[in-house]
Amino acid sequence: MMPTELERNISEVDRRIRAAEQASGRAAGAVSLLAVSKTKTSELVRQAHGFGLSAFGENYAQEMAEKAAVLADLPLSWHFIGPIQSNKTALIAEVSDWVHSIDRLKVARRLNEQRPGDKAPLNVLVQINTSNEDSKSGVRPDAAPELMAAINELPGLRLRGLMTIPAATTNQTAQREPFRQLSELMASLSDSLPQLDTLSMGMSGDLEAAVSEGANIVRVGTDIFGARYN
């Protein structure tokens with residue numbers, strides 16, 4: 001039986017991650033793949049799980065909740081990676097296993113208050129604006145320590161690290177700079193927040209640069225699901 005396009009795509013992305021690990025002296029398996037499944041069908045997510053994926057990233061709370069309900073028979077991990085609207089925090093707090101995109105204390109407090117008591121604390125990352133673009137979400141690097149210290153006091157959340165979405169570029173040297181900045185920021189926070197262990201950075205076009213600068217999670221959508229599945 002010939003492998004499907006989806007299976008081939010997943011295999012190729014995994015190959016790229018492992019090659020990048022090896023090239024940068026990282027331990028094999030140090031980097032996890034988060035499949036960005038926003039706008040994709042539940043059936044396509046089910047197929048991707050059949051090809052070995054278990055962590056899926058969503059940008060829209062209602063869409064994530066609907067997929068999680070349909071796919072409740074599978075051992076999946078749901079990561080919310082989009083901008084967070086205050087009126088959607090209850091749904092995100094209920095369904096997500098991870099939230100990558102916290103950039104305001106108000107949102108963190110709502111997620112903390114609305115996390116169901118029978119669930120483990122919600123794994124959270126603070127989104128950093130490494131590009132200094134007003135159009136980009138995320139907190140400026142110099143404001144991160146204060147925000148993270150406050151989040152760390154919230155019992156319903158488990159602060160794990162940082163996330164960024166830098167400006168797109170095909171220049172590999174330029175790709176590495178914001179990822180290096182994020183890695184250095186987390187290192188500078190490690191004395192006061194020793195539990196930090198996760199850098200969510202890198203997508204289809206720049207995952208090699210992200211892995212070389214210490215990414216633990218890369219978020220890949222296009223190179224897995226492709227235009228054919230849009």
# chains A, B, ... in the order shown; residues from 1 in each chain; ligands from 1
$ residues_around --residues "Ala23 of chain A" --least-positions-apart "5" --cutoff "10 Å" --atoms "only C-alpha atoms" --output "list in words"
Ile17, Arg18, Glu208, Val211 and Ser212 of chain A
$ write_last_selection --atoms "all heavy atoms" --output "CSV table (one decimal), in the first residue's frame"
chain,number,residue,atom,x,y,z
A,17,ILE,N,13.1,17.6,11.5
A,17,ILE,CA,13.3,17.9,12.9
A,17,ILE,C,14.5,17.1,13.4
A,17,ILE,O,15.4,17.7,14.1
A,17,ILE,CB,12.1,17.6,13.7
A,17,ILE,CG1,11.0,18.6,13.4
A,17,ILE,CG2,12.4,17.7,15.2
A,17,ILE,CD1,9.6,18.3,14.0
A,18,ARG,N,14.5,15.8,13.1
A,18,ARG,CA,15.6,15.0,13.6
A,18,ARG,C,17.0,15.4,13.0
A,18,ARG,O,18.0,15.3,13.7
A,18,ARG,CB,15.3,13.5,13.4
A,18,ARG,CG,14.0,13.0,13.9
A,18,ARG,CD,13.7,13.4,15.4
A,18,ARG,NE,12.3,13.5,15.6
A,18,ARG,CZ,11.7,14.2,16.6
A,18,ARG,NH1,12.5,14.9,17.4
A,18,ARG,NH2,10.4,14.2,16.8
A,208,GLU,N,14.2,24.6,11.2
A,208,GLU,CA,15.7,24.3,11.4
A,208,GLU,C,16.4,25.4,12.3
A,208,GLU,O,17.1,25.1,13.2
A,208,GLU,CB,16.4,24.1,10.1
A,208,GLU,CG,16.0,22.8,9.4
A,208,GLU,CD,14.8,22.8,8.6
A,208,GLU,OE1,14.1,23.9,8.5
A,208,GLU,OE2,14.4,21.8,8.0
A,211,VAL,N,15.2,25.0,15.9
A,211,VAL,CA,15.8,23.9,16.6
A,211,VAL,C,17.2,24.2,17.0
A,211,VAL,O,17.7,23.9,18.1
A,211,VAL,CB,15.7,22.6,15.8
A,211,VAL,CG1,16.5,21.5,16.4
A,211,VAL,CG2,14.2,22.2,15.6
A,212,SER,N,17.9,24.9,16.1
A,212,SER,CA,19.3,25.2,16.4
A,212,SER,C,19.5,26.2,17.5
A,212,SER,O,20.6,26.2,18.2
A,212,SER,CB,20.0,25.8,15.1
A,212,SER,OG,19.5,27.1,14.9
$ residues_around --residues "segment 94-98 of chain A" --least-positions-apart "6" --cutoff "12 Å" --atoms "only C-alpha atoms" --output "MDAnalysis selection string"
chainID A and resid 34 54:69 72 75:82 88 110:126 156:163 198 200 217
$ residues_around --residues "Glu12 of chain A" --least-positions-apart "5" --cutoff "9 Å" --atoms "only C-alpha atoms" --output "VMD selection string"
chain A and resid 7 17 223 to 224
$ select_by_dssp --residues "segment 61-151 of chain A" --states "alpha helix (DSSP H)" --output "ChimeraX atom specification"
/A:61-70,89-95,105-114,144-151
$ residues_around --residues "Pro178 of chain A" --least-positions-apart "3" --cutoff "7 Å" --atoms "only C-alpha atoms" --output "JSON, numbers by chain"
{"A": [130, 166, 175, 181, 182]}
$ closest_residue --among "A:Glu213, A:Glu21, A:Asp103, A:Glu146" --to "Leu189 of chain A" --atoms "only C-alpha atoms"
A:Glu146
$ closest_residue --among "A:Val13, A:Leu71, A:Ala144, A:Val45" --to "Ser32 of chain A" --atoms "only C-alpha atoms"
A:Val13
$ atom_distance --atom1 "atom CA of Leu207 of chain A" --atom2 "atom CA of Ala20 of chain A"
8.3 Å
$ select_by_dssp --residues "segment 13-227 of chain A" --states "strand (DSSP E)" --output "tab-separated table (two decimals) with N, CA and C atoms, in the first residue's frame"
chain	number	residue	atom	x	y	z
A	32	SER	N	9.61	18.40	20.08
A	32	SER	CA	8.30	17.82	19.82
A	32	SER	C	7.62	18.55	18.67
A	33	LEU	N	6.85	17.82	17.91
A	33	LEU	CA	6.10	18.39	16.79
A	33	LEU	C	4.66	18.66	17.21
A	34	LEU	N	4.25	19.91	17.07
A	34	LEU	CA	2.86	20.30	17.29
A	34	LEU	C	2.23	20.55	15.92
A	35	ALA	N	1.27	19.72	15.56
A	35	ALA	CA	0.60	19.85	14.27
A	35	ALA	C	-0.49	20.92	14.36
A	36	VAL	N	-0.36	21.96	13.57
A	36	VAL	CA	-1.33	23.06	13.59
A	36	VAL	C	-2.52	22.66	12.73
A	55	ALA	N	-0.31	15.67	19.34
A	55	ALA	CA	-0.46	17.04	19.84
A	55	ALA	C	-0.90	17.94	18.68
A	56	PHE	N	-1.98	18.70	18.91
A	56	PHE	CA	-2.56	19.52	17.85
A	56	PHE	C	-2.80	20.94	18.35
A	57	GLY	N	-2.48	21.90	17.49
A	57	GLY	CA	-2.60	23.31	17.83
A	57	GLY	C	-3.77	23.96	17.13
A	58	GLU	N	-4.54	24.73	17.88
A	58	GLU	CA	-5.73	25.39	17.36
A	58	GLU	C	-5.71	26.89	17.68
A	77	SER	N	-3.51	15.71	22.78
A	77	SER	CA	-3.18	16.90	23.58
A	77	SER	C	-3.53	18.13	22.75
A	78	TRP	N	-4.34	19.02	23.34
A	78	TRP	CA	-4.81	20.20	22.62
A	78	TRP	C	-4.07	21.44	23.11
A	79	HIS	N	-3.48	22.16	22.15
A	79	HIS	CA	-2.69	23.36	22.44
A	79	HIS	C	-3.38	24.56	21.80
A	80	PHE	N	-3.74	25.55	22.61
A	80	PHE	CA	-4.31	26.78	22.05
A	80	PHE	C	-3.16	27.72	21.74
A	98	TRP	N	-2.54	22.86	26.89
A	98	TRP	CA	-1.52	23.90	26.85
A	98	TRP	C	-2.12	25.16	26.24
A	99	VAL	N	-1.62	26.32	26.68
A	99	VAL	CA	-1.90	27.60	26.04
A	99	VAL	C	-0.56	28.27	25.78
A	100	HIS	N	-0.30	28.62	24.51
A	100	HIS	CA	1.00	29.17	24.12
A	100	HIS	C	1.01	30.69	24.04
A	101	SER	N	-0.13	31.34	24.13
A	101	SER	CA	-0.24	32.73	23.66
A	101	SER	C	-0.69	33.73	24.73
A	102	ILE	N	-0.28	33.53	25.97
A	102	ILE	CA	-0.64	34.49	27.01
A	102	ILE	C	0.26	35.72	26.91
A	122	LEU	N	-3.17	24.08	34.11
A	122	LEU	CA	-3.03	24.30	32.67
A	122	LEU	C	-1.59	24.73	32.35
A	123	ASN	N	-0.93	23.99	31.47
A	123	ASN	CA	0.41	24.36	31.03
A	123	ASN	C	0.34	25.63	30.19
A	124	VAL	N	1.13	26.65	30.52
A	124	VAL	CA	1.04	27.91	29.81
A	124	VAL	C	2.42	28.43	29.42
A	125	LEU	N	2.43	29.14	28.29
A	125	LEU	CA	3.61	29.84	27.79
A	125	LEU	C	3.24	31.31	27.61
A	126	VAL	N	4.20	32.17	27.82
A	126	VAL	CA	4.02	33.60	27.58
A	126	VAL	C	4.53	33.92	26.18
A	127	GLN	N	3.70	34.59	25.39
A	127	GLN	CA	4.09	34.96	24.04
A	127	GLN	C	4.89	36.24	24.06
A	128	ILE	N	6.07	36.20	23.44
A	128	ILE	CA	6.98	37.34	23.41
A	128	ILE	C	7.00	37.94	22.01
A	157	LEU	N	-2.54	27.44	36.97
A	157	LEU	CA	-1.67	27.46	35.79
A	157	LEU	C	-0.30	26.91	36.15
A	158	ARG	N	0.34	26.28	35.19
A	158	ARG	CA	1.71	25.80	35.35
A	158	ARG	C	2.58	26.49	34.29
A	159	LEU	N	3.33	27.47	34.72
A	159	LEU	CA	4.15	28.25	33.80
A	159	LEU	C	5.32	27.41	33.30
A	160	ARG	N	5.41	27.25	31.98
A	160	ARG	CA	6.40	26.35	31.40
A	160	ARG	C	7.47	27.05	30.56
A	161	GLY	N	7.16	28.23	29.99
A	161	GLY	CA	8.17	28.85	29.15
A	161	GLY	C	7.64	29.95	28.27
A	162	LEU	N	8.21	30.03	27.05
A	162	LEU	CA	7.97	31.16	26.15
A	162	LEU	C	7.61	30.69	24.75
A	163	MET	N	6.91	31.57	24.03
A	163	MET	CA	6.56	31.34	22.64
A	163	MET	C	6.79	32.63	21.85
A	164	THR	N	7.13	32.49	20.57
A	164	THR	CA	7.21	33.67	19.71
A	164	THR	C	6.79	33.32	18.29
A	198	THR	N	10.36	25.07	28.35
A	198	THR	CA	9.76	24.95	27.02
A	198	THR	C	9.90	26.23	26.21
A	199	LEU	N	10.45	26.09	25.01
A	199	LEU	CA	10.47	27.17	24.02
A	199	LEU	C	9.66	26.70	22.82
A	200	SER	N	8.53	27.36	22.58
A	200	SER	CA	7.68	27.06	21.43
A	200	SER	C	8.01	28.06	20.34
A	217	ILE	N	9.38	22.82	21.13
A	217	ILE	CA	8.16	22.55	20.36
A	217	ILE	C	8.22	23.39	19.09
A	218	VAL	N	8.03	22.74	17.93
A	218	VAL	CA	7.86	23.47	16.68
A	218	VAL	C	6.42	23.29	16.22
A	219	ARG	N	5.84	24.37	15.69
A	219	ARG	CA	4.42	24.39	15.32
A	219	ARG	C	4.32	24.37	13.79
A	220	VAL	N	3.87	23.25	13.25
A	220	VAL	CA	3.88	23.08	11.80
A	220	VAL	C	2.47	22.77	11.30
$ atom_distance --atom1 "atom CA of Asp14 of chain A" --atom2 "atom CA of Gly52 of chain A"
10.4 Å
$ closest_residue --among "A:Leu193, A:Lys106, A:Thr169, A:Ser131" --to "Pro145 of chain A" --atoms "only C-alpha atoms"
A:Leu193
$ atom_distance --atom1 "atom CA of Gly29 of chain A" --atom2 "atom CA of Asn216 of chain A"
9.3 Å
